[in-house]
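Contents: one structure, followed by commentary.
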Amino acid sequence: MNTAVTYLDYNATAPLKPQVAAAMRTALDQTGNPSSVHRHGRLARRLVEEARDQVAALVGVPPRQVVFTSGGTEANAMALAGLVSTGKVTRLVVSAIEHASVLETAAALPVETVILPCTPDGVVEVENVRACLAAPAPGGGGTLISVMAANNETGVIQPVGEIARAAAEYGAFVHCDAVQAVGKIPVRFAELGVHMLSLSAHKLGGPMGVGALVMKDDLPFAPLVHGGGQEMKRRAGTENLIGIVGFGKACALAAEDLPALAALAVWRDRLERGVLETAPEAVIFGRNAQRLGNTSCFALPGLKAETQVMALDLAGVSVSAGAACSSGKVTVSHVLQAMGAAPDLAAEAIRVSFGWNSREDDIDRFLSVWNETCVAKRRRSEGRTAAARS
Ligand code: PLP
């Protein structure tokens, strides 16, 4: 029996880097609450602030602009709800390919929400943002635009800087969910020109359950979580010291790893050539757009994504379905549908994503296992259908 295990689901969560685990183990021995004034508290506070410096350095901001959260989902919710709750924003403009944490937060807020389309290659176009901003927001309030830096399913990189420049002409606020981009491509807050940026530690080799919202100074903002005065009154609650220490360390390491991660595009291209050689009918999503080097999303027409994911899993290869699966219910990817993929094709898409601990032979293993399980299964069922017809 082949017991090899190949993990190719880094966009879901990347493995914890050993240096991060070591930093977190040291933090586990701390007793103090970072808000306490005694020596134990002061030491814990120092660890939190060192981590804040490391996170801030990765995206090029002063540390005071970093607000720690419980992850990307909370950072996204805080960005949208935080501005809307002030009453100064009366319209949200979000792209159709955003993560559910943006789309569903927008839907839950009591303001008008405009959904921006994308091209068939999965790119949100600045012209559509302009067209939308040309009409005033209801009640004369402001507009908040939320566009992600890179899509989690397709890896397609979005023109956030261009969108932010257009938004500035209309005085609109811009939030960017950079959860998938940070640590994979350079992301600098000031260069993007956005007002808020969401980050999550577990996508870059840090722990799950911790992230940050990077905020411009002097934004109109109402906290989502009320209570103590932590995080300069922007997010109450005792800090997740161990998680924050791990997040900081992951950010410090991510800066060094950026060139290696960009080079993963060579493997991705080799993977996609292999996919098309094995199954010329396969459809690769976002292929003509600028993409993250670590992500490939493609459909094998005629074989459901869940069947592919399960067959690969049985052979020790972990990937995701392009369709999101939560609480046992599989829903067809809204991202691929926004790109114009027919629901049947979108339901046949899988996502392969790799990262800091991947090896080139993971690509070979994926290709041979996918060929032996999924493509062969598809050919057999095609053969049966042809035999039944004849
Ligand atoms: N935004 C994007 C683009 C994501 O891919 C994810 C996670 O998959 C999130 C937000 C949510 O982040 P977290 O898992 O830290 O809540």
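Ligands are numbered from 1 in the order shown, residues from 1 within each chain, and chains are lettered A, B, ... in the order they appear in the structure tokens.
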
Handout entry: 7 Å contact set for range 230-234 of chain A, only C-alpha atoms, chain neighbours under 3 positions out, as a VMD selection string
Key = chain A and resid 67 223 237

Any chance you can output those residues with N, CA, C and O atoms as a JSON list (two decimals), in the first residue's frame?
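Wrote it out as result34.json, contents follow:
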```json
[["chain", "number", "residue", "atom", "x", "y", "z"],
["A", 67, "VAL", "N", -4.42, 46.08, 14.02],
["A", 67, "VAL", "CA", -5.36, 45.67, 15.06],
["A", 67, "VAL", "C", -5.48, 44.15, 14.98],
["A", 67, "VAL", "O", -5.91, 43.62, 13.95],
["A", 223, "PRO", "N", -16.12, 50.04, 16.80],
["A", 223, "PRO", "CA", -15.69, 48.65, 17.03],
["A", 223, "PRO", "C", -16.84, 47.67, 16.92],
["A", 223, "PRO", "O", -18.00, 48.00, 17.18],
["A", 237, "GLY", "N", -11.10, 42.68, 24.23],
["A", 237, "GLY", "CA", -10.83, 41.26, 24.54],
["A", 237, "GLY", "C", -9.35, 41.04, 24.78],
["A", 237, "GLY", "O", -8.51, 41.62, 24.10]]
```

Problem - Surrounding residues of Thr307 in chain A excluding itself and chain neighbours under 6 positions, 10 Å, only C-alpha atoms, as an NGL selection string - result: :A and (313 or 321 or 348 or 373-374 or 377)

Selection to disk with N, CA and C atoms, as a PDB file, in the first residue's frame:
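File produced: part-v2.pdb:
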```pdb
ATOM      1  N   ASP A 313      -7.961  11.792  -2.225  1.00  0.00           N
ATOM      2  CA  ASP A 313      -7.728  11.610  -0.785  1.00  0.00           C
ATOM      3  C   ASP A 313      -7.416  10.141  -0.465  1.00  0.00           C
ATOM      4  N   ALA A 321     -12.162  21.087  -3.314  1.00  0.00           N
ATOM      5  CA  ALA A 321     -13.111  21.256  -4.409  1.00  0.00           C
ATOM      6  C   ALA A 321     -13.248  22.756  -4.648  1.00  0.00           C
ATOM      7  N   GLU A 348     -17.303  20.794 -11.220  1.00  0.00           N
ATOM      8  CA  GLU A 348     -16.279  19.792 -11.549  1.00  0.00           C
ATOM      9  C   GLU A 348     -14.867  20.340 -11.331  1.00  0.00           C
ATOM     10  N   THR A 373      -6.548   7.938 -11.073  1.00  0.00           N
ATOM     11  CA  THR A 373      -7.845   7.839 -10.390  1.00  0.00           C
ATOM     12  C   THR A 373      -8.906   8.613 -11.182  1.00  0.00           C
ATOM     13  N   CYS A 374      -8.785   9.931 -11.216  1.00  0.00           N
ATOM     14  CA  CYS A 374      -9.871  10.760 -11.770  1.00  0.00           C
ATOM     15  C   CYS A 374     -10.005  10.605 -13.282  1.00  0.00           C
ATOM     16  N   LYS A 377     -11.108   7.159 -14.278  1.00  0.00           N
ATOM     17  CA  LYS A 377     -12.521   6.952 -13.904  1.00  0.00           C
ATOM     18  C   LYS A 377     -13.438   7.590 -14.959  1.00  0.00           C
TER      19      LYS A 377
END
```

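Using only C-alpha atoms and all ligand atoms, the nearest neighbour of ligand 1 within the list A:Val124, A:Ala262, A:Ala12, A:Ala81 is A:Ala12.
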
Problem - d(CA of Ser198 in chain A, CA of Thr13 in chain A) in Å - result: 15.9 Å

Can you write out as a Markdown table which residues of chain A fall within 6 Å of ligand 1, alongside each residue's closest atom pair and its distance in Å to one decimal, counting only C-alpha atoms and all ligand atoms and ordering rows by chain and ascending residue number?
```
| residue | atom | partner | partner_atom_place_in_ligand_line | distance |
| --- | --- | --- | --- | --- |
| A:Ala12 | CA | ligand 1 | 8 (O) | 5.4 |
| A:Gly71 | CA | ligand 1 | 15 (O) | 3.7 |
| A:Gly72 | CA | ligand 1 | 12 (O) | 3.4 |
| A:Thr73 | CA | ligand 1 | 16 (O) | 3.7 |
| A:His99 | CA | ligand 1 | 1 (N) | 5.1 |
| A:Asn151 | CA | ligand 1 | 3 (C) | 5.9 |
| A:Asn152 | CA | ligand 1 | 5 (O) | 4.6 |
| A:Asp177 | CA | ligand 1 | 1 (N) | 5.9 |
| A:Val179 | CA | ligand 1 | 2 (C) | 5.0 |
| A:Gln180 | CA | ligand 1 | 3 (C) | 5.3 |
| A:Ser200 | CA | ligand 1 | 15 (O) | 4.6 |
```

Keeping only C-alpha atoms, take the residues you just selected and write them out as a CSV table (one decimal), in the first residue's frame.
```csv
chain,number,residue,atom,x,y,z
A,12,ALA,CA,-7.2,26.4,2.9
A,71,GLY,CA,-8.6,35.8,11.8
A,72,GLY,CA,-9.4,37.0,8.3
A,73,THR,CA,-13.2,36.5,8.8
A,99,HIS,CA,-14.8,35.5,0.2
A,151,ASN,CA,-8.8,35.2,-5.1
A,152,ASN,CA,-8.6,32.1,-2.9
A,177,ASP,CA,-9.0,41.3,1.8
A,179,VAL,CA,-5.6,37.1,3.2
A,180,GLN,CA,-4.5,35.0,0.3
A,200,SER,CA,-4.8,35.9,8.4
```

Within 12 Å of range 141-144 of chain A, which residues of range 116-137 of chain A show up? Give each one with its shortest atom-to-atom distance in Å (one decimal) and the two atoms involved, counting only C-alpha atoms, rows by chain then rising residue number, as a Markdown table.
```
| residue | atom | partner | partner_atom | distance |
| --- | --- | --- | --- | --- |
| A:Val129 | CA | A:Thr143 | CA | 11.1 |
| A:Arg130 | CA | A:Thr143 | CA | 12.0 |
| A:Cys132 | CA | A:Thr143 | CA | 10.0 |
| A:Leu133 | CA | A:Thr143 | CA | 8.0 |
| A:Ala134 | CA | A:Thr143 | CA | 11.1 |
| A:Ala135 | CA | A:Thr143 | CA | 10.6 |
| A:Pro136 | CA | A:Gly141 | CA | 8.2 |
| A:Ala137 | CA | A:Gly141 | CA | 5.8 |
```

Exercise for the section: Extract, using only C-alpha atoms, all DNA, RNA and protein residues at most 12 Å from Ala311 in chain A, discarding same-chain residues fewer than 4 positions from it, and format them as a count of residues only. Expected result: 23

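Candidate residues A:Ala299, A:Ala100, A:Ala254, A:Val123 were compared for distance to Glu272 in chain A, and the nearest is A:Ala299, using only C-alpha atoms.
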
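Those residues of range 45-185 of chain A that DSSP, working from the backbone, places in strand (DSSP E) are Val66, Val67, Phe68, Thr69, Val89, Thr90, Arg91, Leu92, Val93, Val94, Ser95, Glu112, Thr113, Val114, Ile115, Leu116, Gly142, Thr143, Leu144, Ile145, Ser146, Phe173, Val174, His175, Cys176 and Asp177 of chain A.
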
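Near Lys249 in chain A, within 8 Å and counting only C-alpha atoms, sit Gln19, Val20, Ala23, Ala51, Gln54, Gly206, Val245, Gly246, Phe247, Cys251, Ala252 and Leu253 of chain A; same-chain residues fewer than 2 positions away were not included.
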
Output the selection as a PDB file, in the first residue's frame - N, CA and C atoms for each residue.
```pdb
ATOM      1  N   GLN A  19       9.643  27.137  12.944  1.00  0.00           N
ATOM      2  CA  GLN A  19      10.145  28.282  13.741  1.00  0.00           C
ATOM      3  C   GLN A  19       8.978  29.001  14.429  1.00  0.00           C
ATOM      4  N   VAL A  20       7.794  28.963  13.777  1.00  0.00           N
ATOM      5  CA  VAL A  20       6.600  29.589  14.373  1.00  0.00           C
ATOM      6  C   VAL A  20       6.164  28.762  15.581  1.00  0.00           C
ATOM      7  N   ALA A  23       8.413  29.514  18.471  1.00  0.00           N
ATOM      8  CA  ALA A  23       8.126  30.810  19.112  1.00  0.00           C
ATOM      9  C   ALA A  23       6.870  30.699  19.975  1.00  0.00           C
ATOM     10  N   ALA A  51       5.346  41.340  18.128  1.00  0.00           N
ATOM     11  CA  ALA A  51       4.615  40.698  17.026  1.00  0.00           C
ATOM     12  C   ALA A  51       3.945  41.760  16.153  1.00  0.00           C
ATOM     13  N   GLN A  54       6.335  43.059  13.764  1.00  0.00           N
ATOM     14  CA  GLN A  54       6.641  42.126  12.668  1.00  0.00           C
ATOM     15  C   GLN A  54       5.529  42.121  11.609  1.00  0.00           C
ATOM     16  N   GLY A 206       1.476  30.544   9.788  1.00  0.00           N
ATOM     17  CA  GLY A 206       1.202  30.868  11.186  1.00  0.00           C
ATOM     18  C   GLY A 206       0.031  30.025  11.688  1.00  0.00           C
ATOM     19  N   VAL A 245       1.948  35.862  18.872  1.00  0.00           N
ATOM     20  CA  VAL A 245       3.400  35.628  18.769  1.00  0.00           C
ATOM     21  C   VAL A 245       3.697  34.792  17.513  1.00  0.00           C
ATOM     22  N   GLY A 246       2.877  33.756  17.278  1.00  0.00           N
ATOM     23  CA  GLY A 246       3.062  32.911  16.090  1.00  0.00           C
ATOM     24  C   GLY A 246       2.838  33.692  14.809  1.00  0.00           C
ATOM     25  N   PHE A 247       1.829  34.561  14.822  1.00  0.00           N
ATOM     26  CA  PHE A 247       1.510  35.375  13.644  1.00  0.00           C
ATOM     27  C   PHE A 247       2.699  36.295  13.317  1.00  0.00           C
ATOM     28  N   CYS A 251       5.014  36.290   9.947  1.00  0.00           N
ATOM     29  CA  CYS A 251       5.182  37.469   9.072  1.00  0.00           C
ATOM     30  C   CYS A 251       6.662  37.758   8.852  1.00  0.00           C
ATOM     31  N   ALA A 252       7.469  37.626   9.916  1.00  0.00           N
ATOM     32  CA  ALA A 252       8.911  37.885   9.776  1.00  0.00           C
ATOM     33  C   ALA A 252       9.515  36.889   8.779  1.00  0.00           C
ATOM     34  N   LEU A 253       9.077  35.632   8.854  1.00  0.00           N
ATOM     35  CA  LEU A 253       9.621  34.611   7.946  1.00  0.00           C
ATOM     36  C   LEU A 253       9.081  34.789   6.530  1.00  0.00           C
TER      37      LEU A 253
END
```

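Counting only C-alpha atoms, Ala212 in chain A has the following residues at most 10 Å away, ignoring those fewer than 2 positions along the same chain: A:Arg52, A:Val55, A:Ala56, A:Gln65, A:Val66, A:Val67, A:Phe68, A:Thr69, A:Ser70, A:Gly71, A:Gly72, A:Thr73, A:Glu74, A:Ala75, A:Asn76, A:Met78, A:Val179, A:Leu197, A:Ser198, A:Leu199, A:Ser200, A:Ala201, A:Val210, A:Val214, A:Met215, A:Ile244, A:Phe247.
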
Handout entry: alpha helix (DSSP H) residues, from DSSP on the backbone, in range 121-257 of chain A, as a PyMOL selection string
Key = chain A and resi 126-134+160-170+189-192+230-233+241-257

Exercise for the section: Within 8 Å of Val187 in chain A, counting only C-alpha atoms, which residues show up once you throw out same-chain ones fewer than 3 positions away? Write them as number ranges by chain, please. Expected result: A: 58-59, 178, 181-182, 192

Take the selection from the previous step and output its residues with all heavy atoms, as a tab-separated table (two decimals), in the first residue's frame.
```
chain	number	residue	atom	x	y	z
A	58	LEU	N	5.78	43.68	7.54
A	58	LEU	CA	5.49	42.91	6.32
A	58	LEU	C	4.65	43.73	5.33
A	58	LEU	O	4.81	43.59	4.12
A	58	LEU	CB	4.78	41.59	6.68
A	58	LEU	CG	4.50	40.65	5.51
A	58	LEU	CD1	5.78	40.20	4.81
A	58	LEU	CD2	3.70	39.43	5.95
A	59	VAL	N	3.75	44.57	5.84
A	59	VAL	CA	2.91	45.35	4.92
A	59	VAL	C	3.28	46.84	4.90
A	59	VAL	O	2.61	47.64	4.26
A	59	VAL	CB	1.39	45.15	5.23
A	59	VAL	CG1	0.97	43.72	4.94
A	59	VAL	CG2	1.06	45.54	6.66
A	178	ALA	N	-6.65	40.88	1.91
A	178	ALA	CA	-5.35	40.43	1.38
A	178	ALA	C	-4.94	39.10	1.99
A	178	ALA	O	-3.76	38.72	1.98
A	178	ALA	CB	-4.30	41.49	1.63
A	181	ALA	N	-3.09	36.89	-0.41
A	181	ALA	CA	-1.95	37.49	-1.12
A	181	ALA	C	-0.75	37.69	-0.21
A	181	ALA	O	0.40	37.49	-0.62
A	181	ALA	CB	-2.38	38.84	-1.71
A	182	VAL	N	-1.00	38.10	1.04
A	182	VAL	CA	0.12	38.43	1.94
A	182	VAL	C	0.96	37.18	2.19
A	182	VAL	O	0.45	36.12	2.49
A	182	VAL	CB	-0.42	39.04	3.25
A	182	VAL	CG1	0.66	39.12	4.31
A	182	VAL	CG2	-0.96	40.43	2.98
A	192	LEU	N	-0.70	50.31	-2.17
A	192	LEU	CA	-2.05	49.95	-2.62
A	192	LEU	C	-2.99	51.16	-2.52
A	192	LEU	O	-3.92	51.30	-3.30
A	192	LEU	CB	-2.63	48.81	-1.79
A	192	LEU	CG	-2.12	47.40	-2.09
A	192	LEU	CD1	-2.77	46.41	-1.14
A	192	LEU	CD2	-2.40	47.01	-3.54
```

Exercise for the section: Just the residues within 10 Å of Ala166 in chain A, please, counting only C-alpha atoms, with nothing from its chain fewer than 4 positions along; format it as a ChimeraX atom specification. Expected result: /A:126-127,129-130,133,160-162,170-172

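Of the listed residues A:Pro301, A:Gly248, A:Pro138, A:Gly122, the one whose atoms come nearest to Leu204 in chain A is A:Gly248, with distances taken using only C-alpha atoms.
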